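Data file: upload12.cif. Format and content: mmCIF, N, CA and C atoms.
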data_run
#
loop_
_atom_site.group_PDB
_atom_site.id
_atom_site.type_symbol
_atom_site.label_atom_id
_atom_site.label_comp_id
_atom_site.auth_asym_id
_atom_site.auth_seq_id
_atom_site.Cartn_x
_atom_site.Cartn_y
_atom_site.Cartn_z
ATOM 1 N N MET A 13 14.632 13.422 -6.846
ATOM 2 C CA MET A 13 15.371 12.179 -6.779
ATOM 3 C C MET A 13 14.397 11.023 -7.030
ATOM 4 N N ILE A 14 14.866 9.989 -7.693
ATOM 5 C CA ILE A 14 14.088 8.773 -7.912
ATOM 6 C C ILE A 14 14.487 7.771 -6.836
ATOM 7 N N ILE A 15 13.494 7.290 -6.100
ATOM 8 C CA ILE A 15 13.754 6.390 -4.976
ATOM 9 C C ILE A 15 13.006 5.084 -5.175
ATOM 10 N N TYR A 16 13.708 3.978 -4.990
ATOM 11 C CA TYR A 16 13.120 2.637 -5.024
ATOM 12 C C TYR A 16 12.837 2.192 -3.599
ATOM 13 N N LEU A 17 11.650 1.646 -3.365
ATOM 14 C CA LEU A 17 11.300 1.123 -2.047
ATOM 15 C C LEU A 17 11.557 -0.376 -1.981
ATOM 16 N N ALA A 18 12.209 -0.806 -0.932
ATOM 17 C CA ALA A 18 12.436 -2.233 -0.683
ATOM 18 C C ALA A 18 11.803 -2.584 0.651
ATOM 19 N N GLY A 19 11.262 -3.798 0.738
ATOM 20 C CA GLY A 19 10.681 -4.225 2.000
ATOM 21 C C GLY A 19 10.018 -5.573 1.869
ATOM 22 N N LYS A 20 9.505 -6.057 2.983
ATOM 23 C CA LYS A 20 8.876 -7.373 3.023
ATOM 24 C C LYS A 20 7.484 -7.314 2.408
ATOM 25 N N ILE A 21 7.270 -8.115 1.366
ATOM 26 C CA ILE A 21 5.965 -8.222 0.721
ATOM 27 C C ILE A 21 5.369 -9.594 1.010
ATOM 28 N N THR A 22 6.076 -10.656 0.627
ATOM 29 C CA THR A 22 5.563 -12.017 0.809
ATOM 30 C C THR A 22 5.352 -12.316 2.291
ATOM 31 N N GLY A 23 4.157 -12.759 2.628
ATOM 32 C CA GLY A 23 3.853 -13.101 4.011
ATOM 33 C C GLY A 23 3.566 -11.906 4.900
ATOM 34 N N ASN A 24 3.428 -10.727 4.321
ATOM 35 C CA ASN A 24 3.168 -9.517 5.090
ATOM 36 C C ASN A 24 1.807 -8.961 4.677
ATOM 37 N N PRO A 25 0.755 -9.205 5.457
ATOM 38 C CA PRO A 25 -0.570 -8.741 5.071
ATOM 39 C C PRO A 25 -0.710 -7.217 5.052
ATOM 40 N N GLU A 26 0.213 -6.505 5.664
ATOM 41 C CA GLU A 26 0.163 -5.040 5.730
ATOM 42 C C GLU A 26 1.044 -4.357 4.680
ATOM 43 N N TYR A 27 1.639 -5.135 3.756
ATOM 44 C CA TYR A 27 2.635 -4.538 2.870
ATOM 45 C C TYR A 27 2.094 -3.403 2.014
ATOM 46 N N ARG A 28 0.901 -3.533 1.482
ATOM 47 C CA ARG A 28 0.376 -2.466 0.622
ATOM 48 C C ARG A 28 0.250 -1.161 1.398
ATOM 49 N N LYS A 29 -0.258 -1.244 2.608
ATOM 50 C CA LYS A 29 -0.404 -0.062 3.458
ATOM 51 C C LYS A 29 0.954 0.539 3.808
ATOM 52 N N GLN A 30 1.910 -0.307 4.163
ATOM 53 C CA GLN A 30 3.234 0.169 4.551
ATOM 54 C C GLN A 30 3.962 0.834 3.380
ATOM 55 N N PHE A 31 3.924 0.189 2.222
ATOM 56 C CA PHE A 31 4.588 0.756 1.056
ATOM 57 C C PHE A 31 3.899 2.049 0.613
ATOM 58 N N ALA A 32 2.558 2.085 0.674
ATOM 59 C CA ALA A 32 1.817 3.289 0.281
ATOM 60 C C ALA A 32 2.149 4.462 1.196
ATOM 61 N N ALA A 33 2.268 4.201 2.496
ATOM 62 C CA ALA A 33 2.610 5.268 3.445
ATOM 63 C C ALA A 33 4.004 5.814 3.165
ATOM 64 N N ALA A 34 4.958 4.925 2.909
ATOM 65 C CA ALA A 34 6.322 5.366 2.606
ATOM 66 C C ALA A 34 6.339 6.155 1.302
ATOM 67 N N LYS A 35 5.603 5.673 0.307
ATOM 68 C CA LYS A 35 5.543 6.372 -0.985
ATOM 69 C C LYS A 35 4.959 7.770 -0.804
ATOM 70 N N ALA A 36 3.870 7.885 -0.048
ATOM 71 C CA ALA A 36 3.235 9.190 0.169
ATOM 72 C C ALA A 36 4.194 10.168 0.845
ATOM 73 N N GLU A 37 4.908 9.682 1.842
ATOM 74 C CA GLU A 37 5.876 10.533 2.557
ATOM 75 C C GLU A 37 6.975 11.031 1.613
ATOM 76 N N LEU A 38 7.507 10.123 0.808
ATOM 77 C CA LEU A 38 8.593 10.492 -0.104
ATOM 78 C C LEU A 38 8.096 11.393 -1.232
ATOM 79 N N LYS A 39 6.893 11.138 -1.729
ATOM 80 C CA LYS A 39 6.310 12.012 -2.760
ATOM 81 C C LYS A 39 6.087 13.416 -2.213
ATOM 82 N N ALA A 40 5.651 13.508 -0.957
ATOM 83 C CA ALA A 40 5.437 14.810 -0.325
ATOM 84 C C ALA A 40 6.739 15.603 -0.224
ATOM 85 N N GLU A 41 7.863 14.885 -0.183
ATOM 86 C CA GLU A 41 9.177 15.532 -0.160
ATOM 87 C C GLU A 41 9.649 15.888 -1.567
ATOM 88 N N GLY A 42 8.857 15.521 -2.587
ATOM 89 C CA GLY A 42 9.190 15.875 -3.962
ATOM 90 C C GLY A 42 9.893 14.787 -4.761
ATOM 91 N N HIS A 43 9.958 13.574 -4.232
ATOM 92 C CA HIS A 43 10.647 12.482 -4.917
ATOM 93 C C HIS A 43 9.717 11.719 -5.858
ATOM 94 N N ILE A 44 10.303 11.077 -6.840
ATOM 95 C CA ILE A 44 9.616 10.092 -7.676
ATOM 96 C C ILE A 44 9.868 8.750 -7.001
ATOM 97 N N VAL A 45 8.812 7.961 -6.795
ATOM 98 C CA VAL A 45 8.945 6.719 -6.032
ATOM 99 C C VAL A 45 8.619 5.517 -6.913
ATOM 100 N N LEU A 46 9.539 4.570 -6.958
ATOM 101 C CA LEU A 46 9.338 3.298 -7.643
ATOM 102 C C LEU A 46 8.940 2.283 -6.577
ATOM 103 N N ASN A 47 7.711 1.776 -6.690
ATOM 104 C CA ASN A 47 7.111 0.977 -5.638
ATOM 105 C C ASN A 47 6.803 -0.436 -6.129
ATOM 106 N N PRO A 48 7.579 -1.436 -5.723
ATOM 107 C CA PRO A 48 7.331 -2.805 -6.179
ATOM 108 C C PRO A 48 6.014 -3.381 -5.665
ATOM 109 N N ALA A 49 5.433 -2.799 -4.631
ATOM 110 C CA ALA A 49 4.151 -3.278 -4.111
ATOM 111 C C ALA A 49 3.006 -2.986 -5.077
ATOM 112 N N GLU A 50 3.267 -2.190 -6.096
ATOM 113 C CA GLU A 50 2.249 -1.870 -7.092
ATOM 114 C C GLU A 50 2.319 -2.790 -8.315
ATOM 115 N N LEU A 51 3.261 -3.719 -8.338
ATOM 116 C CA LEU A 51 3.346 -4.666 -9.453
ATOM 117 C C LEU A 51 2.182 -5.652 -9.380
ATOM 118 N N PRO A 52 1.767 -6.181 -10.525
ATOM 119 C CA PRO A 52 0.651 -7.138 -10.514
ATOM 120 C C PRO A 52 1.034 -8.439 -9.814
ATOM 121 N N GLU A 53 0.047 -9.093 -9.235
ATOM 122 C CA GLU A 53 0.270 -10.365 -8.557
ATOM 123 C C GLU A 53 0.311 -11.508 -9.564
ATOM 124 N N GLY A 54 0.964 -12.616 -9.172
ATOM 125 C CA GLY A 54 0.903 -13.837 -9.956
ATOM 126 C C GLY A 54 2.148 -14.211 -10.731
ATOM 127 N N MET A 55 3.185 -13.396 -10.677
ATOM 128 C CA MET A 55 4.417 -13.725 -11.390
ATOM 129 C C MET A 55 5.341 -14.534 -10.490
ATOM 130 N N SER A 56 6.377 -15.103 -11.078
ATOM 131 C CA SER A 56 7.352 -15.869 -10.304
ATOM 132 C C SER A 56 8.277 -14.913 -9.544
ATOM 133 N N PRO A 57 8.893 -15.400 -8.457
ATOM 134 C CA PRO A 57 9.862 -14.569 -7.751
ATOM 135 C C PRO A 57 10.979 -14.051 -8.668
ATOM 136 N N ALA A 58 11.441 -14.887 -9.590
ATOM 137 C CA ALA A 58 12.501 -14.460 -10.508
ATOM 138 C C ALA A 58 12.031 -13.324 -11.415
ATOM 139 N N ALA A 59 10.796 -13.393 -11.868
ATOM 140 C CA ALA A 59 10.259 -12.326 -12.721
ATOM 141 C C ALA A 59 10.186 -11.015 -11.947
ATOM 142 N N TYR A 60 9.700 -11.076 -10.700
ATOM 143 C CA TYR A 60 9.659 -9.868 -9.882
ATOM 144 C C TYR A 60 11.060 -9.294 -9.684
ATOM 145 N N MET A 61 12.028 -10.159 -9.403
ATOM 146 C CA MET A 61 13.378 -9.669 -9.123
ATOM 147 C C MET A 61 13.988 -9.002 -10.353
ATOM 148 N N ARG A 62 13.740 -9.551 -11.538
ATOM 149 C CA ARG A 62 14.260 -8.906 -12.757
ATOM 150 C C ARG A 62 13.687 -7.508 -12.913
ATOM 151 N N ILE A 63 12.386 -7.354 -12.674
ATOM 152 C CA ILE A 63 11.749 -6.041 -12.760
ATOM 153 C C ILE A 63 12.311 -5.118 -11.684
ATOM 154 N N CYS A 64 12.453 -5.628 -10.476
ATOM 155 C CA CYS A 64 12.956 -4.813 -9.369
ATOM 156 C C CYS A 64 14.394 -4.379 -9.591
ATOM 157 N N PHE A 65 15.230 -5.249 -10.152
ATOM 158 C CA PHE A 65 16.599 -4.841 -10.465
ATOM 159 C C PHE A 65 16.602 -3.696 -11.466
ATOM 160 N N ALA A 66 15.715 -3.750 -12.463
ATOM 161 C CA ALA A 66 15.621 -2.657 -13.440
ATOM 162 C C ALA A 66 15.197 -1.358 -12.743
ATOM 163 N N MET A 67 14.268 -1.456 -11.800
ATOM 164 C CA MET A 67 13.844 -0.257 -11.064
ATOM 165 C C MET A 67 14.987 0.269 -10.187
ATOM 166 N N ILE A 68 15.723 -0.633 -9.554
ATOM 167 C CA ILE A 68 16.865 -0.209 -8.734
ATOM 168 C C ILE A 68 17.905 0.472 -9.615
ATOM 169 N N ASP A 69 18.165 -0.089 -10.789
ATOM 170 C CA ASP A 69 19.118 0.523 -11.720
ATOM 171 C C ASP A 69 18.685 1.935 -12.103
ATOM 172 N N THR A 70 17.377 2.151 -12.230
ATOM 173 C CA THR A 70 16.832 3.441 -12.639
ATOM 174 C C THR A 70 16.848 4.453 -11.501
ATOM 175 N N ALA A 71 16.709 3.975 -10.282
ATOM 176 C CA ALA A 71 16.616 4.853 -9.112
ATOM 177 C C ALA A 71 17.955 5.504 -8.778
ATOM 178 N N ASP A 72 17.849 6.640 -8.114
ATOM 179 C CA ASP A 72 19.036 7.311 -7.584
ATOM 180 C C ASP A 72 19.439 6.713 -6.241
ATOM 181 N N GLU A 73 18.455 6.183 -5.542
ATOM 182 C CA GLU A 73 18.697 5.679 -4.188
ATOM 183 C C GLU A 73 17.655 4.618 -3.855
ATOM 184 N N LEU A 74 18.031 3.697 -2.980
ATOM 185 C CA LEU A 74 17.112 2.679 -2.471
ATOM 186 C C LEU A 74 16.801 3.020 -1.024
ATOM 187 N N ARG A 75 15.527 2.926 -0.673
ATOM 188 C CA ARG A 75 15.119 3.097 0.725
ATOM 189 C C ARG A 75 14.416 1.826 1.165
ATOM 190 N N ALA A 76 14.854 1.258 2.262
ATOM 191 C CA ALA A 76 14.286 0.021 2.788
ATOM 192 C C ALA A 76 13.335 0.333 3.930
ATOM 193 N N LEU A 77 12.169 -0.292 3.894
ATOM 194 C CA LEU A 77 11.186 -0.128 4.948
ATOM 195 C C LEU A 77 11.632 -0.880 6.200
ATOM 196 N N PRO A 78 11.162 -0.447 7.364
ATOM 197 C CA PRO A 78 11.474 -1.178 8.593
ATOM 198 C C PRO A 78 11.106 -2.654 8.440
ATOM 199 N N GLY A 79 11.952 -3.521 8.943
ATOM 200 C CA GLY A 79 11.717 -4.952 8.856
ATOM 201 C C GLY A 79 12.155 -5.574 7.539
ATOM 202 N N TRP A 80 12.820 -4.815 6.694
ATOM 203 C CA TRP A 80 13.246 -5.293 5.374
ATOM 204 C C TRP A 80 14.095 -6.554 5.476
ATOM 205 N N TYR A 81 14.875 -6.662 6.530
ATOM 206 C CA TYR A 81 15.800 -7.794 6.698
ATOM 207 C C TYR A 81 15.070 -9.127 6.881
ATOM 208 N N CYS A 82 13.758 -9.074 7.123
ATOM 209 C CA CYS A 82 12.959 -10.310 7.231
ATOM 210 C C CYS A 82 12.505 -10.808 5.865
ATOM 211 N N SER A 83 12.898 -10.124 4.822
ATOM 212 C CA SER A 83 12.501 -10.485 3.468
ATOM 213 C C SER A 83 13.706 -10.940 2.669
ATOM 214 N N ARG A 84 13.627 -12.145 2.144
ATOM 215 C CA ARG A 84 14.714 -12.655 1.299
ATOM 216 C C ARG A 84 14.921 -11.737 0.094
ATOM 217 N N GLY A 85 13.831 -11.329 -0.546
ATOM 218 C CA GLY A 85 13.924 -10.462 -1.722
ATOM 219 C C GLY A 85 14.529 -9.102 -1.398
ATOM 220 N N ALA A 86 14.098 -8.490 -0.290
ATOM 221 C CA ALA A 86 14.646 -7.186 0.090
ATOM 222 C C ALA A 86 16.130 -7.293 0.438
ATOM 223 N N ARG A 87 16.533 -8.414 1.045
ATOM 224 C CA ARG A 87 17.968 -8.604 1.337
ATOM 225 C C ARG A 87 18.761 -8.695 0.030
ATOM 226 N N VAL A 88 18.202 -9.368 -0.968
ATOM 227 C CA VAL A 88 18.856 -9.442 -2.282
ATOM 228 C C VAL A 88 18.942 -8.040 -2.890
ATOM 229 N N GLU A 89 17.854 -7.277 -2.797
ATOM 230 C CA GLU A 89 17.844 -5.918 -3.354
ATOM 231 C C GLU A 89 18.885 -5.036 -2.672
ATOM 232 N N MET A 90 18.985 -5.121 -1.355
ATOM 233 C CA MET A 90 19.982 -4.323 -0.636
ATOM 234 C C MET A 90 21.397 -4.748 -1.033
ATOM 235 N N ALA A 91 21.619 -6.051 -1.159
ATOM 236 C CA ALA A 91 22.939 -6.541 -1.573
ATOM 237 C C ALA A 91 23.258 -6.076 -2.993
ATOM 238 N N TYR A 92 22.272 -6.117 -3.876
ATOM 239 C CA TYR A 92 22.471 -5.668 -5.257
ATOM 240 C C TYR A 92 22.817 -4.176 -5.280
ATOM 241 N N ALA A 93 22.078 -3.379 -4.516
ATOM 242 C CA ALA A 93 22.365 -1.943 -4.458
ATOM 243 C C ALA A 93 23.791 -1.705 -3.973
ATOM 244 N N ASP A 94 24.195 -2.422 -2.950
ATOM 245 C CA ASP A 94 25.556 -2.302 -2.443
ATOM 246 C C ASP A 94 26.573 -2.701 -3.512
ATOM 247 N N TYR A 95 26.296 -3.793 -4.202
ATOM 248 C CA TYR A 95 27.209 -4.308 -5.225
ATOM 249 C C TYR A 95 27.427 -3.303 -6.357
ATOM 250 N N ILE A 96 26.345 -2.608 -6.761
ATOM 251 C CA ILE A 96 26.472 -1.655 -7.881
ATOM 252 C C ILE A 96 26.816 -0.243 -7.406
ATOM 253 N N GLY A 97 26.989 -0.070 -6.101
ATOM 254 C CA GLY A 97 27.383 1.230 -5.574
ATOM 255 C C GLY A 97 26.244 2.221 -5.432
ATOM 256 N N LYS A 98 25.027 1.714 -5.321
ATOM 257 C CA LYS A 98 23.845 2.565 -5.163
ATOM 258 C C LYS A 98 23.647 2.876 -3.686
ATOM 259 N N THR A 99 23.348 4.122 -3.371
ATOM 260 C CA THR A 99 23.063 4.489 -1.996
ATOM 261 C C THR A 99 21.806 3.768 -1.535
ATOM 262 N N ALA A 100 21.881 3.151 -0.360
ATOM 263 C CA ALA A 100 20.736 2.448 0.218
ATOM 264 C C ALA A 100 20.635 2.830 1.686
ATOM 265 N N ARG A 101 19.444 3.266 2.066
ATOM 266 C CA ARG A 101 19.214 3.660 3.458
ATOM 267 C C ARG A 101 17.951 2.991 3.977
ATOM 268 N N VAL A 102 17.877 2.845 5.282
ATOM 269 C CA VAL A 102 16.693 2.275 5.918
ATOM 270 C C VAL A 102 15.811 3.419 6.377
ATOM 271 N N ILE A 103 14.527 3.321 6.055
ATOM 272 C CA ILE A 103 13.557 4.321 6.491
ATOM 273 C C ILE A 103 13.355 4.175 7.990
ATOM 274 N N ASP A 104 13.315 5.282 8.683
ATOM 275 C CA ASP A 104 13.091 5.304 10.127
ATOM 276 C C ASP A 104 11.779 4.610 10.458
ATOM 277 N N SER A 105 11.752 3.830 11.533
ATOM 278 C CA SER A 105 10.551 3.102 11.913
ATOM 279 C C SER A 105 9.419 4.021 12.335
ATOM 280 N N ALA A 106 9.685 5.315 12.523
ATOM 281 C CA ALA A 106 8.618 6.266 12.856
ATOM 282 C C ALA A 106 7.664 6.418 11.672
ATOM 283 N N LEU A 107 8.157 6.153 10.469
ATOM 284 C CA LEU A 107 7.285 6.156 9.297
ATOM 285 C C LEU A 107 6.498 4.852 9.282
ATOM 286 N N ASN A 108 5.523 4.777 8.438
ATOM 287 C CA ASN A 108 4.713 3.568 8.284
ATOM 288 C C ASN A 108 4.035 3.167 9.581
ATOM 289 N N GLY A 109 3.614 4.136 10.350
ATOM 290 C CA GLY A 109 2.888 3.836 11.581
ATOM 291 C C GLY A 109 3.753 3.228 12.665
ATOM 292 N N GLY A 110 5.069 3.343 12.520
ATOM 293 C CA GLY A 110 5.979 2.826 13.529
ATOM 294 C C GLY A 110 6.132 1.326 13.529
ATOM 295 N N THR A 111 5.673 0.654 12.463
ATOM 296 C CA THR A 111 5.810 -0.801 12.424
ATOM 297 C C THR A 111 7.265 -1.186 12.225
ATOM 298 N N GLU A 112 7.641 -2.234 12.802
ATOM 299 C CA GLU A 112 9.025 -2.705 12.718
ATOM 300 C C GLU A 112 9.081 -4.049 12.065
#
Give the structure from the file, written as structure tokens.
Amino acid sequence: MIIYLAGKITGNPEYRKQFAAAKAELKAEGHIVLNPAELPEGMSPAAYMRICFAMIDTADELRALPGWYCSRGARVEMAYADYIGKTARVIDSALNGGTE
């Protein structure tokens, strides 16, 4: 399955670690993981969202990291997934070191 990760990036100094941990867990389960935390820095929010929408369109499912609701972008991604009928689930807080 192809899985897109959604979560708080802006203002989150731990985002790379959190996204990497979630990616490793999902890869270990045999999934292909689309990770927006691996995109290059320096683009506009709109540019990131266009790329992320394309990744969501490509994915079979969206998985949101704990605390995703604190991110404006992740809330947009979850709403978009819902709008297009894509399955979206929240990753258990036990992953990513239990951060919430």
Report the distance between atom N of A:Arg62 and atom N of A:Gly85 in Å, rounded to one decimal place. 11.1 Å
Taken to one decimal, the atom CA of A:Ala86-atom CA of A:Gly19 distance is 5.3 Å
Apply the PyMOL selection byres ((chain A and resi 73) around 6) to the displayed file and report the matching residues as a VMD selection string. chain A and resid 14 to 16 71 to 72 74 to 75 98 to 100
Identify, on the basis of only N, CA and C atoms, every residue whose closest approach to stretch 27-41 of chain A does not exceed 8 Å; exclude the query and any residue fewer than 2 positions from it along the same chain; express the result as number ranges by chain. A: 13, 17-25, 43-50, 77, 107-109
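The space separating atom CA of A:Tyr81 from atom CA of A:Tyr60 comes to 17.8 Å.
When only N, CA and C atoms are used to compute distances to A:Ala76, the closest of the residues A:Glu53, A:Ala58, A:Ile63, A:Met90 turns out to be A:Met90.
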